Every structure is written in C-alpha cells, then in structure tokens.
>>> print(open('query.pdb').read())   # PDB, C-alpha atoms (C1' of nucleotides)
ATOM      1  CA  MET A  85     112.479 110.207  79.629
ATOM      2  CA  HIS A  86     109.621 109.274  81.961
ATOM      3  CA  THR A  87     107.101 111.564  83.553
ATOM      4  CA  MET A  88     105.960 111.426  87.163
ATOM      5  CA  ARG A  89     102.543 109.869  87.470
ATOM      6  CA  PRO A  90     100.099 111.515  89.874
ATOM      7  CA  LEU A  91      99.679 110.145  93.408
ATOM      8  CA  ILE A  92      96.862 107.629  93.793
ATOM      9  CA  HIS A  93      94.579 107.894  96.810
ATOM     10  CA  PRO A  94      91.761 105.327  96.720
ATOM     11  CA  SER A  95      88.349 106.610  97.707
ATOM     12  CA  ILE A  96      87.173 105.315 101.072
ATOM     13  CA  GLU A  97      84.857 102.676  99.565
ATOM     14  CA  ASP A  98      87.707 101.238  97.467
ATOM     15  CA  ILE A  99      89.854 100.580 100.527
ATOM     16  CA  THR A 100      89.963  96.858 101.392
ATOM     17  CA  VAL A 101      90.698  95.020 104.614
ATOM     18  CA  GLU A 102      93.138  92.769 102.736
ATOM     19  CA  GLY A 103      94.971  95.840 101.471
ATOM     20  CA  ILE A 104      95.200  97.378 104.931
ATOM     21  CA  LEU A 105      96.441  94.143 106.513
ATOM     22  CA  HIS A 106      98.972  93.557 103.778
ATOM     23  CA  ALA A 107     100.318  97.108 104.014
ATOM     24  CA  LEU A 108     100.666  96.902 107.796
ATOM     25  CA  SER A 109     102.137  93.387 107.785
ATOM     26  CA  ASP A 110     105.510  94.882 106.872
ATOM     27  CA  PRO A 111     107.432  96.047 109.956
ATOM     28  CA  VAL A 112     108.907  99.109 108.210
ATOM     29  CA  ARG A 113     105.491 100.260 106.987
ATOM     30  CA  ALA A 114     103.903  99.551 110.366
ATOM     31  CA  ALA A 115     106.605 101.678 112.029
ATOM     32  CA  ILE A 116     106.067 104.510 109.529
ATOM     33  CA  TYR A 117     102.319 104.378 109.980
ATOM     34  CA  ALA A 118     102.574 104.319 113.792
ATOM     35  CA  GLU A 119     104.864 107.345 113.722
ATOM     36  CA  LEU A 120     102.564 109.238 111.317
ATOM     37  CA  ALA A 121      99.622 108.525 113.602
ATOM     38  CA  VAL A 122     101.442 110.465 116.333
ATOM     39  CA  SER A 123     103.453 113.110 114.469
ATOM     40  CA  SER A 124     101.210 114.002 111.584
ATOM     41  CA  GLY A 125     102.770 115.638 108.532
ATOM     42  CA  ALA A 126     106.104 113.838 108.625
ATOM     43  CA  THR A 127     108.016 113.568 105.357
ATOM     44  CA  CYS A 128     109.481 110.577 103.575
ATOM     45  CA  SER A 129     113.080 111.391 104.495
ATOM     46  CA  ASN A 130     112.196 111.558 108.194
ATOM     47  CA  PHE A 131     112.319 107.768 108.003
ATOM     48  CA  LEU A 132     115.696 107.125 106.383
ATOM     49  CA  LYS A 133     116.589 105.548 109.705
ATOM     50  CA  ILE A 134     114.049 103.325 111.489
ATOM     51  CA  SER A 135     115.178 101.804 114.822
ATOM     52  CA  ASP A 136     118.880 101.752 113.855
ATOM     53  CA  ARG A 137     118.187 100.395 110.414
ATOM     54  CA  ASP A 138     118.997 102.412 107.265
ATOM     55  CA  ILE A 139     116.320 102.265 104.591
ATOM     56  CA  PRO A 140     117.365 103.268 101.045
ATOM     57  CA  LYS A 141     115.219 106.110  99.782
ATOM     58  CA  SER A 142     113.924 104.220  96.766
ATOM     59  CA  THR A 143     112.685 101.517  99.117
ATOM     60  CA  LEU A 144     111.128 104.128 101.395
ATOM     61  CA  SER A 145     109.373 105.692  98.444
ATOM     62  CA  GLN A 146     107.851 102.307  97.573
ATOM     63  CA  HIS A 147     106.723 101.807 101.173
ATOM     64  CA  PHE A 148     104.977 105.185 101.142
ATOM     65  CA  ARG A 149     103.346 104.273  97.879
ATOM     66  CA  ALA A 150     102.121 100.986  99.362
ATOM     67  CA  LEU A 151     100.619 102.789 102.369
ATOM     68  CA  ARG A 152      99.066 105.429 100.120
ATOM     69  CA  GLU A 153      97.547 102.972  97.642
ATOM     70  CA  ALA A 154      96.186 100.826 100.455
ATOM     71  CA  GLY A 155      94.375 103.984 101.568
ATOM     72  CA  LEU A 156      96.198 104.269 104.874
ATOM     73  CA  ILE A 157      97.842 107.640 104.298
ATOM     74  CA  ARG A 158      97.380 110.766 102.271
ATOM     75  CA  SER A 159     100.477 112.421 100.722
ATOM     76  CA  GLU A 160     100.566 116.021  99.555
ATOM     77  CA  ARG A 161     103.449 117.839  97.983
ATOM     78  CA  GLN A 162     104.427 120.914  99.946
ATOM     79  CA  GLY A 163     107.198 122.669  98.118
ATOM     80  CA  VAL A 164     110.083 120.292  97.702
ATOM     81  CA  GLU A 165     108.863 117.748 100.221
ATOM     82  CA  MET A 166     105.881 115.488 100.810
ATOM     83  CA  ARG A 167     103.595 115.843 103.823
ATOM     84  CA  ASN A 168     102.011 112.593 104.921
ATOM     85  CA  THR A 169      98.968 112.187 107.137
ATOM     86  CA  THR A 170      97.026 109.113 108.155
ATOM     87  CA  ARG A 171      93.474 108.576 106.954
ATOM     88  CA  CYS A 172      92.584 106.900 110.252
ATOM     89  CA  ALA A 173      89.394 108.919 110.827
ATOM     90  CA  GLU A 174      87.960 107.782 107.483
ATOM     91  CA  ILE A 175      89.005 104.177 108.038
ATOM     92  CA  GLU A 176      87.581 104.220 111.545
ATOM     93  CA  GLN A 177      84.236 105.202 109.993
ATOM     94  CA  ARG A 178      84.275 102.264 107.660
ATOM     95  CA  PHE A 179      86.043  99.603 109.761
ATOM     96  CA  PRO A 180      85.548 100.639 113.393
ATOM     97  CA  GLY A 181      88.304  99.571 115.770
ATOM     98  CA  LEU A 182      90.468  97.943 113.086
ATOM     99  CA  ILE A 183      93.396 100.339 112.953
ATOM    100  CA  ILE A 184      93.345 101.016 116.682
ATOM    101  CA  SER A 185      93.566  97.349 117.621
ATOM    102  CA  ILE A 186      96.353  96.711 115.116
ATOM    103  CA  MET A 187      98.356  99.629 116.509
ATOM    104  CA  LYS A 188      97.698  98.454 120.070
ATOM    105  CA  ALA A 189      98.909  94.953 119.168
ATOM    106  CA  HIS A 190     102.080  96.436 117.643
ATOM    107  CA  GLN A 191     102.649  98.403 120.844
ATOM    108  CA  ILE A 192     102.215  95.313 123.013
ATOM    109  CA  GLN A 193     104.721  93.457 120.860
ATOM    110  CA  ALA A 194     107.241  96.321 120.945
ATOM    111  CA  ALA A 195     106.933  96.513 124.733
ATOM    112  CA  GLU A 196     107.532  92.757 125.020
ATOM    113  CA  ARG A 197     110.601  92.975 122.812
ATOM    114  CA  LEU A 198     112.015  95.801 124.934
ATOM    115  CA  ARG A 199     111.502  93.735 128.089
ATOM    116  CA  SER A 200     113.163  90.644 126.618
ATOM    117  CA  VAL A 201     116.176  92.707 125.480
ATOM    118  CA  LYS A 202     116.565  94.068 129.026
ATOM    119  CA  HIS A 203     116.491  90.554 130.463
ATOM    120  CA  LYS A 204     118.875  88.910 127.981
ATOM    121  CA  PRO A 205     121.049  91.838 126.803
ATOM    122  CA  ASN A 206     123.068  90.069 124.078
ATOM    123  CA  ASN A 207     119.866  89.196 122.276
ATOM    124  CA  LYS A 208     119.630  91.306 119.107
ATOM    125  CA  SER A 209     121.687  94.224 120.472
ATOM    126  CA  ARG A 210     123.834  95.914 117.854
ATOM    127  CA  THR A 211     127.535  96.156 118.662
ATOM    128  CA  GLY A 212     129.122  99.388 117.506
TER     129      GLY A 212
ATOM    130  CA  MET B 235     111.791  59.502  98.877
ATOM    131  CA  HIS B 236     110.894  62.286 101.280
ATOM    132  CA  THR B 237     109.412  62.020 104.737
ATOM    133  CA  MET B 238     106.623  64.198 106.102
ATOM    134  CA  ARG B 239     107.932  66.781 108.492
ATOM    135  CA  PRO B 240     105.939  67.357 111.690
ATOM    136  CA  LEU B 241     103.426  70.218 111.885
ATOM    137  CA  ILE B 242     104.824  73.433 113.333
ATOM    138  CA  HIS B 243     102.734  75.345 115.853
ATOM    139  CA  PRO B 244     104.572  78.399 117.230
ATOM    140  CA  SER B 245     104.270  78.956 120.960
ATOM    141  CA  ILE B 246     102.086  81.919 121.875
ATOM    142  CA  GLU B 247     105.043  84.235 122.579
ATOM    143  CA  ASP B 248     106.538  83.514 119.155
ATOM    144  CA  ILE B 249     103.402  84.686 117.345
ATOM    145  CA  THR B 250     103.900  88.120 115.742
ATOM    146  CA  VAL B 251     101.447  90.819 114.700
ATOM    147  CA  GLU B 252     103.163  91.018 111.288
ATOM    148  CA  GLY B 253     102.690  87.290 110.854
ATOM    149  CA  ILE B 254      99.007  87.448 111.771
ATOM    150  CA  LEU B 255      98.340  90.393 109.451
ATOM    151  CA  HIS B 256     100.210  88.803 106.590
ATOM    152  CA  ALA B 257      98.369  85.498 106.990
ATOM    153  CA  LEU B 258      94.963  87.209 107.088
ATOM    154  CA  SER B 259      95.752  89.614 104.223
ATOM    155  CA  ASP B 260      95.045  86.821 101.763
ATOM    156  CA  PRO B 261      91.320  86.537 100.951
ATOM    157  CA  VAL B 262      91.368  82.728 100.760
ATOM    158  CA  ARG B 263      93.087  82.422 104.135
ATOM    159  CA  ALA B 264      90.806  85.031 105.684
ATOM    160  CA  ALA B 265      87.779  83.071 104.440
ATOM    161  CA  ILE B 266      89.174  79.806 105.823
ATOM    162  CA  TYR B 267      89.953  81.413 109.161
ATOM    163  CA  ALA B 268      86.504  83.047 109.407
ATOM    164  CA  GLU B 269      84.830  79.721 108.681
ATOM    165  CA  LEU B 270      87.000  77.874 111.237
ATOM    166  CA  ALA B 271      86.114  80.485 113.843
ATOM    167  CA  VAL B 272      82.465  79.441 113.432
ATOM    168  CA  SER B 273      82.593  75.734 112.556
ATOM    169  CA  SER B 274      85.530  74.496 114.569
ATOM    170  CA  GLY B 275      87.198  71.277 113.469
ATOM    171  CA  ALA B 276      86.735  71.680 109.724
ATOM    172  CA  THR B 277      89.148  69.811 107.480
ATOM    173  CA  CYS B 278      91.328  71.002 104.647
ATOM    174  CA  SER B 279      89.156  69.500 101.920
ATOM    175  CA  ASN B 280      86.086  71.281 103.255
ATOM    176  CA  PHE B 281      87.533  74.297 101.445
ATOM    177  CA  LEU B 282      88.208  72.952  97.952
ATOM    178  CA  LYS B 283      85.513  75.429  96.892
ATOM    179  CA  ILE B 284      85.476  78.924  98.430
ATOM    180  CA  SER B 285      82.713  81.271  97.195
ATOM    181  CA  ASP B 286      82.475  79.623  93.770
ATOM    182  CA  ARG B 287      86.198  79.461  93.320
ATOM    183  CA  ASP B 288      88.069  76.113  93.073
ATOM    184  CA  ILE B 289      91.288  75.969  95.054
ATOM    185  CA  PRO B 290      93.772  73.225  94.117
ATOM    186  CA  LYS B 291      94.530  71.031  97.101
ATOM    187  CA  SER B 292      98.274  71.726  97.056
ATOM    188  CA  THR B 293      97.479  75.430  97.274
ATOM    189  CA  LEU B 294      95.016  74.810 100.092
ATOM    190  CA  SER B 295      97.627  72.809 101.952
ATOM    191  CA  GLN B 296     100.039  75.767 101.704
ATOM    192  CA  HIS B 297      97.347  78.148 102.971
ATOM    193  CA  PHE B 298      96.713  75.929 105.985
ATOM    194  CA  ARG B 299     100.438  75.792 106.622
ATOM    195  CA  ALA B 300     100.625  79.607 106.478
ATOM    196  CA  LEU B 301      97.773  79.953 108.989
ATOM    197  CA  ARG B 302      99.324  77.309 111.234
ATOM    198  CA  GLU B 303     102.831  78.771 111.186
ATOM    199  CA  ALA B 304     101.495  82.264 111.823
ATOM    200  CA  GLY B 305      99.956  80.765 114.978
ATOM    201  CA  LEU B 306      96.367  81.348 113.903
ATOM    202  CA  ILE B 307      95.213  77.734 113.831
ATOM    203  CA  ARG B 308      96.056  74.379 115.346
ATOM    204  CA  SER B 309      95.928  71.286 113.108
ATOM    205  CA  GLU B 310      95.664  67.755 114.433
ATOM    206  CA  ARG B 311      95.543  64.571 112.473
ATOM    207  CA  GLN B 312      92.418  62.531 113.175
ATOM    208  CA  GLY B 313      92.578  59.356 111.208
ATOM    209  CA  VAL B 314      92.920  60.162 107.547
ATOM    210  CA  GLU B 315      91.960  63.802 107.866
ATOM    211  CA  MET B 316      93.150  66.929 109.665
ATOM    212  CA  ARG B 317      91.040  68.741 112.241
ATOM    213  CA  ASN B 318      91.680  72.457 112.374
ATOM    214  CA  THR B 319      90.775  74.822 115.183
ATOM    215  CA  THR B 320      91.534  78.505 115.690
ATOM    216  CA  ARG B 321      93.841  79.633 118.466
ATOM    217  CA  CYS B 322      91.774  82.793 118.952
ATOM    218  CA  ALA B 323      91.514  82.447 122.753
ATOM    219  CA  GLU B 324      95.311  82.414 123.100
ATOM    220  CA  ILE B 325      95.752  85.301 120.671
ATOM    221  CA  GLU B 326      93.034  87.297 122.402
ATOM    222  CA  GLN B 327      95.080  86.935 125.616
ATOM    223  CA  ARG B 328      98.172  88.357 123.985
ATOM    224  CA  PHE B 329      96.686  90.867 121.517
ATOM    225  CA  PRO B 330      93.258  91.779 122.882
ATOM    226  CA  GLY B 331      90.684  92.763 120.274
ATOM    227  CA  LEU B 332      92.988  92.191 117.287
ATOM    228  CA  ILE B 333      91.398  89.128 115.717
ATOM    229  CA  ILE B 334      87.868  90.216 116.555
ATOM    230  CA  SER B 335      88.224  93.600 114.865
ATOM    231  CA  ILE B 336      89.842  92.078 111.780
ATOM    232  CA  MET B 337      86.992  89.558 111.466
ATOM    233  CA  LYS B 338      84.432  92.320 112.002
ATOM    234  CA  ALA B 339      86.059  94.410 109.271
ATOM    235  CA  HIS B 340      85.967  91.443 106.907
ATOM    236  CA  GLN B 341      82.265  90.995 107.672
ATOM    237  CA  ILE B 342      81.537  94.651 106.981
ATOM    238  CA  GLN B 343      83.320  94.393 103.663
ATOM    239  CA  ALA B 344      81.513  91.180 102.697
ATOM    240  CA  ALA B 345      78.165  92.793 103.544
ATOM    241  CA  GLU B 346      79.030  95.825 101.409
ATOM    242  CA  ARG B 347      79.970  93.617  98.476
ATOM    243  CA  LEU B 348      76.691  91.717  98.746
ATOM    244  CA  ARG B 349      74.750  94.975  98.725
ATOM    245  CA  SER B 350      76.588  96.325  95.683
ATOM    246  CA  VAL B 351      75.988  93.056  93.770
ATOM    247  CA  LYS B 352      72.258  93.346  94.496
ATOM    248  CA  HIS B 353      72.214  96.912  93.181
ATOM    249  CA  LYS B 354      74.209  96.307  90.006
ATOM    250  CA  PRO B 355      73.516  92.622  89.256
ATOM    251  CA  ASN B 356      75.918  92.120  86.324
ATOM    252  CA  ASN B 357      78.824  93.140  88.537
ATOM    253  CA  LYS B 358      80.975  90.055  89.280
ATOM    254  CA  SER B 359      78.137  87.577  88.884
ATOM    255  CA  ARG B 360      79.235  84.278  87.346
ATOM    256  CA  THR B 361      77.366  83.219  84.271
ATOM    257  CA  GLY B 362      76.806  79.452  84.075
TER     258      GLY B 362
ATOM    259  C1'  DT C 157      99.303  41.287 104.679
ATOM    260  C1'  DT C 158      98.101  43.478 100.513
ATOM    261  C1'  DC C 159      94.990  46.314  97.943
ATOM    262  C1'  DT C 160      92.154  50.489  97.344
ATOM    263  C1'  DA C 161      90.470  54.750  98.539
ATOM    264  C1'  DT C 162      90.695  59.258 100.750
ATOM    265  C1'  DA C 163      93.229  63.196 102.901
ATOM    266  C1'  DG C 164      96.834  65.902 102.859
ATOM    267  C1'  DT C 165     102.100  67.024 101.917
ATOM    268  C1'  DT C 166     106.225  67.820  99.261
ATOM    269  C1'  DC C 167     108.826  69.076  95.332
ATOM    270  C1'  DA C 168     109.931  71.549  91.030
ATOM    271  C1'  DT C 169     109.135  75.373  88.659
ATOM    272  C1'  DA C 170     106.506  79.092  86.628
ATOM    273  C1'  DA C 171     104.477  83.337  87.778
ATOM    274  C1'  DG C 172     104.241  87.231  90.636
ATOM    275  C1'  DT C 173     106.164  90.572  94.146
ATOM    276  C1'  DT C 174     109.664  93.243  96.517
ATOM    277  C1'  DA C 175     114.253  95.615  97.357
ATOM    278  C1'  DC C 176     117.460  98.782  95.925
ATOM    279  C1'  DG C 177     121.170 101.384  93.019
ATOM    280  C1'  DA C 178     121.345 104.552  89.273
ATOM    281  C1'  DA C 179     119.259 107.915  86.893
ATOM    282  C1'  DC C 180     115.728 110.613  86.754
ATOM    283  C1'  DT C 181     111.782 114.593  87.843
ATOM    284  C1'  DA C 182     110.136 118.348  90.774
ATOM    285  C1'  DC C 183     110.609 122.293  93.265
ATOM    286  C1'  DC C 184     113.069 126.259  95.590
ATOM    287  C1'  DG C 185     116.493 129.916  96.285
ATOM    288  C1'  DG C 186     119.784 132.356  94.387
TER     289       DG C 186
ATOM    290  C1'  DC D 136     120.077 129.633  84.357
ATOM    291  C1'  DC D 137     122.595 126.761  88.309
ATOM    292  C1'  DG D 138     122.954 123.908  92.555
ATOM    293  C1'  DG D 139     120.737 121.666  96.240
ATOM    294  C1'  DT D 140     117.214 118.921  98.476
ATOM    295  C1'  DA D 141     113.179 115.681  98.232
ATOM    296  C1'  DG D 142     111.174 112.105  96.219
ATOM    297  C1'  DT D 143     110.066 108.928  91.940
ATOM    298  C1'  DT D 144     110.946 105.639  88.302
ATOM    299  C1'  DC D 145     113.308 101.936  86.028
ATOM    300  C1'  DG D 146     115.899  97.616  85.581
ATOM    301  C1'  DT D 147     117.040  93.654  87.651
ATOM    302  C1'  DA D 148     118.259  90.469  91.292
ATOM    303  C1'  DA D 149     116.274  88.248  95.181
ATOM    304  C1'  DC D 150     112.430  86.518  97.278
ATOM    305  C1'  DT D 151     107.541  84.565  97.587
ATOM    306  C1'  DT D 152     103.511  82.254  96.020
ATOM    307  C1'  DA D 153     100.603  79.024  93.120
ATOM    308  C1'  DT D 154     100.032  74.700  91.194
ATOM    309  C1'  DG D 155     100.503  69.892  88.901
ATOM    310  C1'  DA D 156     102.672  65.548  89.642
ATOM    311  C1'  DA D 157     104.237  62.449  92.711
ATOM    312  C1'  DC D 158     104.451  61.353  97.039
ATOM    313  C1'  DT D 159     103.209  59.914 102.441
ATOM    314  C1'  DA D 160      99.751  58.625 105.860
ATOM    315  C1'  DT D 161      95.876  56.349 107.497
ATOM    316  C1'  DA D 162      91.668  53.350 107.367
ATOM    317  C1'  DG D 163      88.899  49.623 105.857
ATOM    318  C1'  DA D 164      88.075  45.533 103.125
ATOM    319  C1'  DA D 165      89.488  41.254 101.298
TER     320       DA D 165
END
>>> encode(input="query.pdb", output="structure tokens")
Amino acid sequence: MHTMRPLIHPSIEDITVEGILHALSDPVRAAIYAELAVSSGATCSNFLKISDRDIPKSTLSQHFRALREAGLIRSERQGVEMRNTTRCAEIEQRFPGLIISIMKAHQIQAAERLRSVKHKPNNKSRTG
Amino acid sequence: MHTMRPLIHPSIEDITVEGILHALSDPVRAAIYAELAVSSGATCSNFLKISDRDIPKSTLSQHFRALREAGLIRSERQGVEMRNTTRCAEIEQRFPGLIISIMKAHQIQAAERLRSVKHKPNNKSRTG
DNA sequence: TTCTATAGTTCATAAGTTACGAACTACCGG
DNA sequence: CCGGTAGTTCGTAACTTATGAACTATAGAA
C-alpha cells in the first residue's frame, strides 16, 4: 500500500540547461510542451493521442513528471484532474531566448515534415 | 577481426532538433561542443580531462560519435589524429538561433556556478 | 619492411534509464 | 458508502550508456 508522493517543482535556480534539453529531446514531451505553451491549463489525458499515436497513460504520467522535474511545467490538482502550465516566463528570465528558439526549431522541423509528406505521399502516411 | 566503419555525417536535412537537444543534454558533450565552437580543429584526446574530471578514451570516442551523428560536428582524420569542427553555420541556416541560445544558456549556468562556488567555497571544491 | 608509439574505434558487458500493464490513490457526485 | 474519472506507482522488460580490453590506423625511425 503506497502513498502518493507530492509533486516536485524545482525552484528556478535549480533548473539546469541539461535538464531542459533532455526533457525536450523527446518528441512526445516536446509536443506536450508546445501544446501547453499555446493552450495553457491542459490536462494529462488531453494527450492520450498525439499526432495519431496512442500514448498509454502511465507513460504520459511519466512524461509529465519529467517535464515538471526539469522545471518546464507546473502541475496543480484541480478537483479530479491536473492543470498544467508552462514556466516559460521564469525560464526566459534565467535563460533568455532558450525556450523560444527550441520551439521555433521544432516548428521549422514540423513544417518541413509536412511539406515532404505532401510531395511524397506514401512516406510515413498511416493506412487505415 | 573487425574493420573500422566509416564516419557518419548526416546531411543537413537529416539533422533533427531532438537529436541536437539530446546530444547537448549531456554535460561532457556540451563542454566538448562549446570548446570546439571556440578552438576549432581540436582532437579527441584534447578532452581526456574536462573540468578536473578524467574521461576514459572509449567514452570520449562515443561522445564524439554522438555529436557527429547528431550532425553537430564534422570529424576528419589528419594523420594519426582526428580534427573536429562544429557544423554551426549549417545548423544556423536550418534552425536559426538554436545553437547560439543553447550555448548562451550554458554560459549563464557556468557563470552562476562559479559565483556560487566563490560564495560558499567548500561547495564542490576538490580537495587534493 | 618491420618495429614502436600515438590516436582513436570496437566489442562485451555492467550499470543506468525508459516504457507500459496492472494495481493502486485521489477526488467528486450521488 | 458506491461508481466513475483522472492520474500515480510498481515491477519488469526493453533500451541506452559507460568503460576496460583488445583492436585498427597512421606516422616515423631503424
């Protein structure tokens, strides 16, 4: 019978560049973070499907933990669910331009992938 | 009796943001990359010691491979040694500002660490 | 050519990390 | 109290990383 340990949010000075890069080097976590940056307050189960891929909820939970403990997001219980918000303002203070340029690079890459799928349609397209 | 497979340098369009972030999320690799960005052409064995830490040469070799295969550096044999240069100009073309802001963030963090060591001297200082 | 030295790579494996199903906790509305 | 929804933890299988030993590759000297 195990208890539920409290959520860990590192203080801004304990956040490391290595931690941020590692957390965002996973495509699922990068997608979650990018979405949170736009639609603040999203919950864990909003991401059970990410670009046609099903993510098991235990895996999702671990990804949220990784983002949280890297200092990238803040999670707060609100009733039965968990509201997640990015800590981008704080991180921008400490590491100016870092998060923005990473997100921009992810966007550029996503745009390129879209273009290459349009040009060679049987590349990576899922058949139903 | 195994042969030595040729060095792999991904073409610029095969470089991914995830790959770059993952490669630079390791402190040893980040230190190597930062040094290469300044003193171009450094060799593998120039890094057998990184900030008072000894790195075994097999480990170093793997770190160089990781940087190379992520597209961050180019390695060329020159006689008995290997000359390494960053591919930052190419990457800057594709993902503007990415590498620069990561390096800047690393600098900020290194500066902070230096300051905190000065203020509490027995914190992380090696005793000979 | 052969011998020696230096630089770096590969392989085997031990150590560490991550993914995910099953079982759980936490909270809300009856 | 029960039943439902949201998310966490645990165990373990799969994957990744670190490192010593043995290797390849090259240069220079004899």
>>> resolve_selection(input="query.pdb", expression="the PyMOL selection byres ((chain C) within 10 of (chain A))", output="count of residues only")
9
>>> closest_atom_pairs(input="query.pdb", of="chain A", to="chain B", cutoff="8 Å", atoms="only C-alpha atoms", output="tab-separated table")
residue	atom	partner	partner_atom	distance
A:Thr100	CA	B:Gln343	CA	7.4
A:Val101	CA	B:His340	CA	6.4
A:Glu102	CA	B:Ser259	CA	4.4
A:Gly103	CA	B:Ser259	CA	6.9
A:Ile104	CA	B:Ser259	CA	7.8
A:Leu105	CA	B:Ser259	CA	5.1
A:His106	CA	B:Ser259	CA	5.1
A:Leu108	CA	B:Leu255	CA	7.1
A:Ser109	CA	B:Glu252	CA	4.4
A:Asp110	CA	B:Glu252	CA	6.3
A:Pro111	CA	B:Glu252	CA	6.7
A:Phe179	CA	B:Ala339	CA	5.2
A:Pro180	CA	B:Ala339	CA	7.5
A:Gly181	CA	B:Ser335	CA	6.0
A:Leu182	CA	B:Ser335	CA	5.2
A:Ser185	CA	B:Leu332	CA	5.2
A:Ile186	CA	B:Leu332	CA	6.0
A:Lys188	CA	B:Phe329	CA	7.8
A:Ala189	CA	B:Phe329	CA	5.2
A:His190	CA	B:Val251	CA	6.4
A:Ile192	CA	B:Phe329	CA	7.3
A:Gln193	CA	B:Thr250	CA	7.4
>>> atom_distance(input="query.pdb", atom1="atom CA of Ile242 of chain B", atom2="atom CA of Gly275 of chain B")
17.8 Å
>>> residues_near_point(input="query.pdb", point="(104.8, 106.4, 104.5)", cutoff="8 Å", atoms="all atoms listed in the file", output="CSV table (one decimal) with C-alpha atoms, in the frame of the given file")
chain,number,residue,atom,x,y,z
A,113,ARG,CA,105.5,100.3,107.0
A,116,ILE,CA,106.1,104.5,109.5
A,117,TYR,CA,102.3,104.4,110.0
A,120,LEU,CA,102.6,109.2,111.3
A,127,THR,CA,108.0,113.6,105.4
A,128,CYS,CA,109.5,110.6,103.6
A,144,LEU,CA,111.1,104.1,101.4
A,145,SER,CA,109.4,105.7,98.4
A,147,HIS,CA,106.7,101.8,101.2
A,148,PHE,CA,105.0,105.2,101.1
A,149,ARG,CA,103.3,104.3,97.9
A,150,ALA,CA,102.1,101.0,99.4
A,151,LEU,CA,100.6,102.8,102.4
A,152,ARG,CA,99.1,105.4,100.1
A,157,ILE,CA,97.8,107.6,104.3
A,168,ASN,CA,102.0,112.6,104.9
>>> atom_distance(input="query.pdb", atom1="atom CA of Thr319 of chain B", atom2="atom CA of Glu269 of chain B")
10.1 Å
>>> closest_residue(input="query.pdb", among="D:DA157, D:DA165, D:DC150, D:DG142", to="chain A", atoms="all atoms listed in the file")
D:DG142
>>> closest_residue(input="query.pdb", among="D:DT140, D:DC145, D:DT159, D:DA164", to="chain B", atoms="all atoms listed in the file")
D:DT159
>>> atom_distance(input="query.pdb", atom1="atom CA of Arg89 of chain A", atom2="atom CA of Ser124 of chain A")
24.5 Å
>>> resolve_selection(input="query.pdb", expression="the PyMOL selection byres ((chain D) within 9 of (chain B))", output="PyMOL selection string")
chain D and resi 153-155+158-162
>>> resolve_selection(input="query.pdb", expression="the PyMOL selection byres ((chain B and resi 322) around 8)", output="mmCIF file with C-alpha atoms, keeping the file's coordinate frame")
data_model
loop_
_atom_site.group_PDB
_atom_site.id
_atom_site.type_symbol
_atom_site.label_atom_id
_atom_site.label_comp_id
_atom_site.auth_asym_id
_atom_site.auth_seq_id
_atom_site.Cartn_x
_atom_site.Cartn_y
_atom_site.Cartn_z
ATOM 1 C CA ALA B 271 86.114 80.485 113.843
ATOM 2 C CA LEU B 306 96.367 81.348 113.903
ATOM 3 C CA ILE B 307 95.213 77.734 113.831
ATOM 4 C CA THR B 320 91.534 78.505 115.690
ATOM 5 C CA ARG B 321 93.841 79.633 118.466
ATOM 6 C CA ALA B 323 91.514 82.447 122.753
ATOM 7 C CA GLU B 324 95.311 82.414 123.100
ATOM 8 C CA ILE B 325 95.752 85.301 120.671
ATOM 9 C CA GLU B 326 93.034 87.297 122.402
ATOM 10 C CA ILE B 333 91.398 89.128 115.717
#
